[in-house]
Amino acid sequence: MRAVVAHAFGPPESFAIEELPTPEPGPGEVRIAVRRVGVSFVDVLTAAGGYQLKPALPFTPGTEYCGVIDKLGEGVTRLKLGDKVSASGLVGSMCEYTVVPEAGPLKLPPAMTFEDGAVFRVSYATSYYALVQRGQLQPGETVLVLGAAGAVGIAAIQIAKALGAKVIAAASSEAKRALTLKAGADHAVDNRAADYRDRLKALTDNKGVDVVVDPVGGPATEAAFRSLGWKGRHLVIGFAAGEIPRLPVNLALLKGADLRGVDIRQFGIFEPETSAANIQAVLALYEQGKLKPMIARRYPFAQFAEAMQTVAKGELAGRVVLEVSEG
């Protein structure tokens, strides 16, 4: 099979597609014929050696993908040949075949496309966990989404709207703000503008926002935390800006506000039943037409490095998908 292989941490252009043995499933395992791979900033960060978890070398980049069950190992009963599934892991998706334990893949609704499936699970599960369990979002509340044109941002916009909230999307370019409005945000603001916080006050009748979804970090965090209303909740999801911010803790006291961490990986470990229920909830919302990933660009498998470079630049509005095989 063909697979992207990284023999050392580095930029995408330092990796190459190589021929590797096609893996065979063992007892309790299934083989997935990969159709589409979702390319994310985490993929680029991990491949460069900058992520908080580092895979053993050599490795195949890619965290999230979609395909069909191609072969069953002994004793497999939950899945069958031909099932459309998505799967995820720290690495290992940029290849033609993967082998995973039977419990891992998520069986997808027949109506979900391969490209939607390749970018759905991680971002929508993360945003749902953030808003429901960590943010305790209530209908009628106002949510400020930072990095709103990114994977988690778009998912947070759509889930917050499905839960009855008002959504203000913060994004750095006109194209990205337009995408957030298309995704369902009520308002889109430029968080780099001089009047950014004044705009937030006007949009909330000077009450401040109830919940901040923050996958960005950097200087955006403090400005957003200062824009919280009484008993606001600031949800820390990641640091796409590359900088872990520091906050004056007196702000939490003055606002009665909370800073809450959102770690989807540990959530799945410590609360597996709730995590599984969340997945079914977002799939149901997808089938109701309330959730829809925004695909911006598709690349053939041979152009994996270009796909990763595009994501690394952070300029594109919407998701990037790698087309591994037909279907």
# chains A, B, ... in the order shown; residues from 1 in each chain; ligands from 1
$ closest_atom_pairs --of "segment 256-316 of chain A" --to "segment 76-99 of chain A" --cutoff "10 Å" --atoms "only C-alpha atoms" --output "JSON lines"
{"residue": "A:Arg265", "atom": "CA", "partner": "A:Gly89", "partner_atom": "CA", "distance": 9.9}
{"residue": "A:Phe301", "atom": "CA", "partner": "A:Met94", "partner_atom": "CA", "distance": 8.2}
{"residue": "A:Phe304", "atom": "CA", "partner": "A:Met94", "partner_atom": "CA", "distance": 8.2}
$ write_last_selection --atoms "C-alpha atoms" --output "CSV table (one decimal), in the first residue's frame"
chain,number,residue,atom,x,y,z
A,265,ARG,CA,-8.9,12.9,24.7
A,301,PHE,CA,-3.2,11.9,-2.2
A,304,PHE,CA,-0.4,15.7,0.7
$ residues_around --residues "Ala125 of chain A" --least-positions-apart "6" --cutoff "8 Å" --atoms "only C-alpha atoms" --output "VMD selection string"
chain A and resid 264 278 to 279 282
$ closest_residue --among "A:Gly49, A:Gly268, A:Gly164, A:Gly38" --to "Ala118 of chain A" --atoms "only C-alpha atoms"
A:Gly38
$ residues_around --residues "Pro300 of chain A" --least-positions-apart "6" --cutoff "9 Å" --atoms "only C-alpha atoms" --output "list in words"
Ala307, Val321, Leu322, Glu323, Val324 and Ser325 of chain A
$ select_by_dssp --residues "segment 104-324 of chain A" --states "helix (DSSP H, G or I)" --output "PDB file with C-alpha atoms, in the first residue's frame"
ATOM      1  CA  PHE A 114     -16.783  10.310   2.911  1.00  0.00           C
ATOM      2  CA  GLU A 115     -15.391  13.844   3.002  1.00  0.00           C
ATOM      3  CA  ASP A 116     -17.835  14.927   5.711  1.00  0.00           C
ATOM      4  CA  GLY A 117     -16.959  11.803   7.660  1.00  0.00           C
ATOM      5  CA  ALA A 118     -13.251  12.571   7.396  1.00  0.00           C
ATOM      6  CA  VAL A 119     -13.574  15.929   9.160  1.00  0.00           C
ATOM      7  CA  PHE A 120     -16.593  15.390  11.409  1.00  0.00           C
ATOM      8  CA  ARG A 121     -15.822  13.294  14.448  1.00  0.00           C
ATOM      9  CA  VAL A 122     -13.049  15.152  16.269  1.00  0.00           C
ATOM     10  CA  SER A 123     -14.157  18.765  15.806  1.00  0.00           C
ATOM     11  CA  TYR A 124     -17.873  18.189  16.384  1.00  0.00           C
ATOM     12  CA  ALA A 125     -17.339  15.893  19.366  1.00  0.00           C
ATOM     13  CA  THR A 126     -14.921  18.431  20.857  1.00  0.00           C
ATOM     14  CA  SER A 127     -17.292  21.345  20.383  1.00  0.00           C
ATOM     15  CA  TYR A 128     -20.286  19.431  21.738  1.00  0.00           C
ATOM     16  CA  TYR A 129     -18.354  18.387  24.855  1.00  0.00           C
ATOM     17  CA  ALA A 130     -17.105  21.959  25.271  1.00  0.00           C
ATOM     18  CA  LEU A 131     -20.513  23.593  25.015  1.00  0.00           C
ATOM     19  CA  VAL A 132     -22.676  20.987  26.758  1.00  0.00           C
ATOM     20  CA  GLN A 133     -20.625  19.400  29.541  1.00  0.00           C
ATOM     21  CA  ARG A 134     -18.010  22.114  30.141  1.00  0.00           C
ATOM     22  CA  ALA A 151     -12.551  23.178  12.376  1.00  0.00           C
ATOM     23  CA  VAL A 152     -13.609  23.533  16.012  1.00  0.00           C
ATOM     24  CA  GLY A 153     -14.919  27.042  15.350  1.00  0.00           C
ATOM     25  CA  ILE A 154     -17.356  26.041  12.612  1.00  0.00           C
ATOM     26  CA  ALA A 155     -18.498  23.051  14.654  1.00  0.00           C
ATOM     27  CA  ALA A 156     -19.042  25.267  17.714  1.00  0.00           C
ATOM     28  CA  ILE A 157     -21.090  27.764  15.697  1.00  0.00           C
ATOM     29  CA  GLN A 158     -23.411  25.087  14.349  1.00  0.00           C
ATOM     30  CA  ILE A 159     -23.794  23.217  17.638  1.00  0.00           C
ATOM     31  CA  ALA A 160     -24.434  26.408  19.625  1.00  0.00           C
ATOM     32  CA  LYS A 161     -27.140  27.412  17.126  1.00  0.00           C
ATOM     33  CA  ALA A 162     -28.679  23.930  17.334  1.00  0.00           C
ATOM     34  CA  GLU A 174     -13.249  38.986   5.522  1.00  0.00           C
ATOM     35  CA  ALA A 175     -13.372  35.594   3.800  1.00  0.00           C
ATOM     36  CA  LYS A 176     -13.296  33.770   7.127  1.00  0.00           C
ATOM     37  CA  ARG A 177     -16.021  35.988   8.588  1.00  0.00           C
ATOM     38  CA  ALA A 178     -18.174  35.351   5.527  1.00  0.00           C
ATOM     39  CA  LEU A 179     -17.742  31.604   6.037  1.00  0.00           C
ATOM     40  CA  THR A 180     -18.839  31.842   9.663  1.00  0.00           C
ATOM     41  CA  LEU A 181     -22.029  33.630   8.658  1.00  0.00           C
ATOM     42  CA  LYS A 182     -22.663  30.942   6.055  1.00  0.00           C
ATOM     43  CA  ALA A 183     -22.172  28.357   8.802  1.00  0.00           C
ATOM     44  CA  TYR A 196     -13.521  44.772  18.838  1.00  0.00           C
ATOM     45  CA  ARG A 197     -14.575  44.839  22.488  1.00  0.00           C
ATOM     46  CA  ASP A 198     -16.897  47.782  21.925  1.00  0.00           C
ATOM     47  CA  ARG A 199     -18.552  45.776  19.176  1.00  0.00           C
ATOM     48  CA  LEU A 200     -19.055  42.855  21.556  1.00  0.00           C
ATOM     49  CA  LYS A 201     -20.614  45.152  24.136  1.00  0.00           C
ATOM     50  CA  ALA A 202     -23.011  46.541  21.550  1.00  0.00           C
ATOM     51  CA  LEU A 203     -24.003  43.063  20.346  1.00  0.00           C
ATOM     52  CA  ALA A 220      -7.043  36.729  21.808  1.00  0.00           C
ATOM     53  CA  THR A 221      -7.684  34.996  25.122  1.00  0.00           C
ATOM     54  CA  GLU A 222      -7.464  37.935  27.527  1.00  0.00           C
ATOM     55  CA  ALA A 223      -9.580  40.234  25.351  1.00  0.00           C
ATOM     56  CA  ALA A 224     -12.268  37.547  25.156  1.00  0.00           C
ATOM     57  CA  PHE A 225     -12.146  36.823  28.895  1.00  0.00           C
ATOM     58  CA  ARG A 226     -12.553  40.539  29.595  1.00  0.00           C
ATOM     59  CA  ASN A 250      -8.598  39.125  39.364  1.00  0.00           C
ATOM     60  CA  LEU A 251     -10.765  39.148  36.230  1.00  0.00           C
ATOM     61  CA  ALA A 252     -12.347  35.863  37.325  1.00  0.00           C
ATOM     62  CA  LEU A 253     -13.151  37.374  40.710  1.00  0.00           C
ATOM     63  CA  LEU A 254     -14.658  40.568  39.289  1.00  0.00           C
ATOM     64  CA  LYS A 255     -16.892  38.709  36.861  1.00  0.00           C
ATOM     65  CA  ILE A 264     -11.557  15.629  24.443  1.00  0.00           C
ATOM     66  CA  ARG A 265      -8.931  12.860  24.718  1.00  0.00           C
ATOM     67  CA  GLN A 266      -9.112  12.577  28.504  1.00  0.00           C
ATOM     68  CA  PHE A 267     -12.881  12.998  28.417  1.00  0.00           C
ATOM     69  CA  GLY A 268     -13.089   9.799  26.358  1.00  0.00           C
ATOM     70  CA  ILE A 269     -10.852   8.002  28.856  1.00  0.00           C
ATOM     71  CA  PHE A 270     -12.544   9.125  32.081  1.00  0.00           C
ATOM     72  CA  PRO A 272     -16.501   6.853  28.011  1.00  0.00           C
ATOM     73  CA  GLU A 273     -20.272   6.445  28.296  1.00  0.00           C
ATOM     74  CA  THR A 274     -20.949  10.182  28.114  1.00  0.00           C
ATOM     75  CA  SER A 275     -18.431  10.510  25.290  1.00  0.00           C
ATOM     76  CA  ALA A 276     -20.222   7.787  23.305  1.00  0.00           C
ATOM     77  CA  ALA A 277     -23.586   9.468  23.927  1.00  0.00           C
ATOM     78  CA  ASN A 278     -22.166  12.768  22.658  1.00  0.00           C
ATOM     79  CA  ILE A 279     -21.100  11.122  19.408  1.00  0.00           C
ATOM     80  CA  GLN A 280     -24.612   9.816  18.837  1.00  0.00           C
ATOM     81  CA  ALA A 281     -26.014  13.265  19.620  1.00  0.00           C
ATOM     82  CA  VAL A 282     -23.889  15.017  16.986  1.00  0.00           C
ATOM     83  CA  LEU A 283     -24.650  12.303  14.417  1.00  0.00           C
ATOM     84  CA  ALA A 284     -28.362  12.849  15.067  1.00  0.00           C
ATOM     85  CA  LEU A 285     -27.938  16.597  14.558  1.00  0.00           C
ATOM     86  CA  TYR A 286     -26.106  15.905  11.288  1.00  0.00           C
ATOM     87  CA  GLU A 287     -28.957  13.696  10.067  1.00  0.00           C
ATOM     88  CA  PHE A 301      -3.156  11.935  -2.241  1.00  0.00           C
ATOM     89  CA  ALA A 302       0.067  12.757  -4.101  1.00  0.00           C
ATOM     90  CA  GLN A 303      -0.277  16.397  -3.019  1.00  0.00           C
ATOM     91  CA  PHE A 304      -0.357  15.659   0.719  1.00  0.00           C
ATOM     92  CA  ALA A 305       2.507  18.091   1.418  1.00  0.00           C
ATOM     93  CA  GLU A 306       0.681  20.936  -0.325  1.00  0.00           C
ATOM     94  CA  ALA A 307      -2.459  20.126   1.664  1.00  0.00           C
ATOM     95  CA  MET A 308      -0.521  20.281   4.940  1.00  0.00           C
ATOM     96  CA  GLN A 309       1.236  23.500   3.899  1.00  0.00           C
ATOM     97  CA  THR A 310      -2.125  25.096   3.129  1.00  0.00           C
ATOM     98  CA  VAL A 311      -3.387  24.236   6.601  1.00  0.00           C
ATOM     99  CA  ALA A 312      -0.161  25.461   8.223  1.00  0.00           C
ATOM    100  CA  LYS A 313      -0.575  28.928   6.689  1.00  0.00           C
TER     101      LYS A 313
END
$ atom_distance --atom1 "atom CA of Arg246 of chain A" --atom2 "atom CA of Gly314 of chain A"
23.2 Å
$ closest_residue --among "A:Val216, A:Ala48, A:Met112, A:Ile69" --to "Ala240 of chain A" --atoms "only C-alpha atoms"
A:Val216
$ atom_distance --atom1 "atom CA of Ile237 of chain A" --atom2 "atom CA of Val34 of chain A"
28.1 Å
$ closest_residue --among "A:Pro215, A:Met294, A:Lys231, A:Gly261" --to "Gly184 of chain A" --atoms "only C-alpha atoms"
A:Met294
